[in-house]
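Visitor: Once you've had a glance at the structure underneath, I'll fire off some questions.
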Amino acid sequence: MTIPIKKKTPEEDWFIQDYFYKSSIIVKKVAGEVGMSIYNYLKFKKNFDGDKYYSLPKEQFDLKWGISRQRKAEAIDKLEKEGLIATVRKKGCSTKVRLILK
């Protein structure tokens, strides 16, 4: 008896469980498309790894999606000001971000 090897699901077929569209609309109004990217990334991480602080990796945002660190920092500031995310900032380290919004 042979056991079939399950192939990895292509990234374009991934989905985010428990995705709240109203929350994503709020985020987009506050911080635009970059805010949506941050929300989607944090929601994905939160569902798989739990509710904790995450850094926003350069490989994902800059190299894959073309979002510069300046735009990312501006969106983080806007989302934090509105109380949608919480941050931990240390000098010389990446900002850690936690999603407060559902």
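Identifiers in this document derive from the order of the structure tokens: chains are assigned A, B, ..., residues are numbered from 1 separately in each chain, and ligands are numbered from 1 in order of occurrence.
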Using DSSP assignments from the backbone, pull out every residue in stretch 30-88 of chain A that falls under alpha helix (DSSP H) and give it to me as JSON, numbers by chain.

Guide: {"A": [30, 31, 32, 33, 34, 35, 36, 37, 38, 39, 40, 41, 42, 43, 44, 45, 46, 47, 48, 49, 58, 69, 70, 71, 72, 73, 74, 75, 76, 77, 78, 79, 80, 81]}

Visitor: May I have all residues of chain A that DSSP, computed from the backbone, assigns to strand (DSSP E), given as a VMD selection string?

Guide: chain A and resid 54 to 55 85 to 88 96 to 99

Visitor: Next, the residues of the selection above should be written as a PDB file, in the first residue's frame with N, CA and C atoms.

Guide:
ATOM      1  N   TYR A  54       4.064  40.683  16.223  1.00  0.00           N
ATOM      2  CA  TYR A  54       4.825  40.215  15.063  1.00  0.00           C
ATOM      3  C   TYR A  54       5.549  41.388  14.418  1.00  0.00           C
ATOM      4  N   SER A  55       6.731  41.105  13.884  1.00  0.00           N
ATOM      5  CA  SER A  55       7.390  42.113  13.049  1.00  0.00           C
ATOM      6  C   SER A  55       6.842  41.944  11.633  1.00  0.00           C
ATOM      7  N   ILE A  85      -4.320  48.721  16.172  1.00  0.00           N
ATOM      8  CA  ILE A  85      -3.185  47.844  16.450  1.00  0.00           C
ATOM      9  C   ILE A  85      -2.442  48.364  17.675  1.00  0.00           C
ATOM     10  N   ALA A  86      -1.650  47.490  18.269  1.00  0.00           N
ATOM     11  CA  ALA A  86      -0.756  47.876  19.361  1.00  0.00           C
ATOM     12  C   ALA A  86       0.673  47.627  18.884  1.00  0.00           C
ATOM     13  N   THR A  87       1.612  48.436  19.329  1.00  0.00           N
ATOM     14  CA  THR A  87       2.994  48.288  18.888  1.00  0.00           C
ATOM     15  C   THR A  87       3.949  48.243  20.068  1.00  0.00           C
ATOM     16  N   VAL A  88       5.092  47.616  19.814  1.00  0.00           N
ATOM     17  CA  VAL A  88       6.219  47.637  20.740  1.00  0.00           C
ATOM     18  C   VAL A  88       7.392  48.164  19.928  1.00  0.00           C
ATOM     19  N   LYS A  96       7.318  45.837  16.522  1.00  0.00           N
ATOM     20  CA  LYS A  96       6.465  44.650  16.662  1.00  0.00           C
ATOM     21  C   LYS A  96       5.018  45.152  16.730  1.00  0.00           C
ATOM     22  N   VAL A  97       4.143  44.467  16.003  1.00  0.00           N
ATOM     23  CA  VAL A  97       2.762  44.915  15.860  1.00  0.00           C
ATOM     24  C   VAL A  97       1.815  43.782  16.243  1.00  0.00           C
ATOM     25  N   ARG A  98       0.734  44.141  16.948  1.00  0.00           N
ATOM     26  CA  ARG A  98      -0.289  43.175  17.339  1.00  0.00           C
ATOM     27  C   ARG A  98      -1.647  43.709  16.913  1.00  0.00           C
ATOM     28  N   LEU A  99      -2.448  42.869  16.327  1.00  0.00           N
ATOM     29  CA  LEU A  99      -3.772  43.246  15.851  1.00  0.00           C
ATOM     30  C   LEU A  99      -4.753  43.254  17.008  1.00  0.00           C
TER      31      LEU A  99
END

Visitor: Hey, which of A:Asp51, A:Thr95, A:Leu63, A:Ile100 ends up closest to A:Asp77? Count only C-alpha atoms.

Guide: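 That would be A:Thr95, the residue with the smallest distance to A:Asp77.
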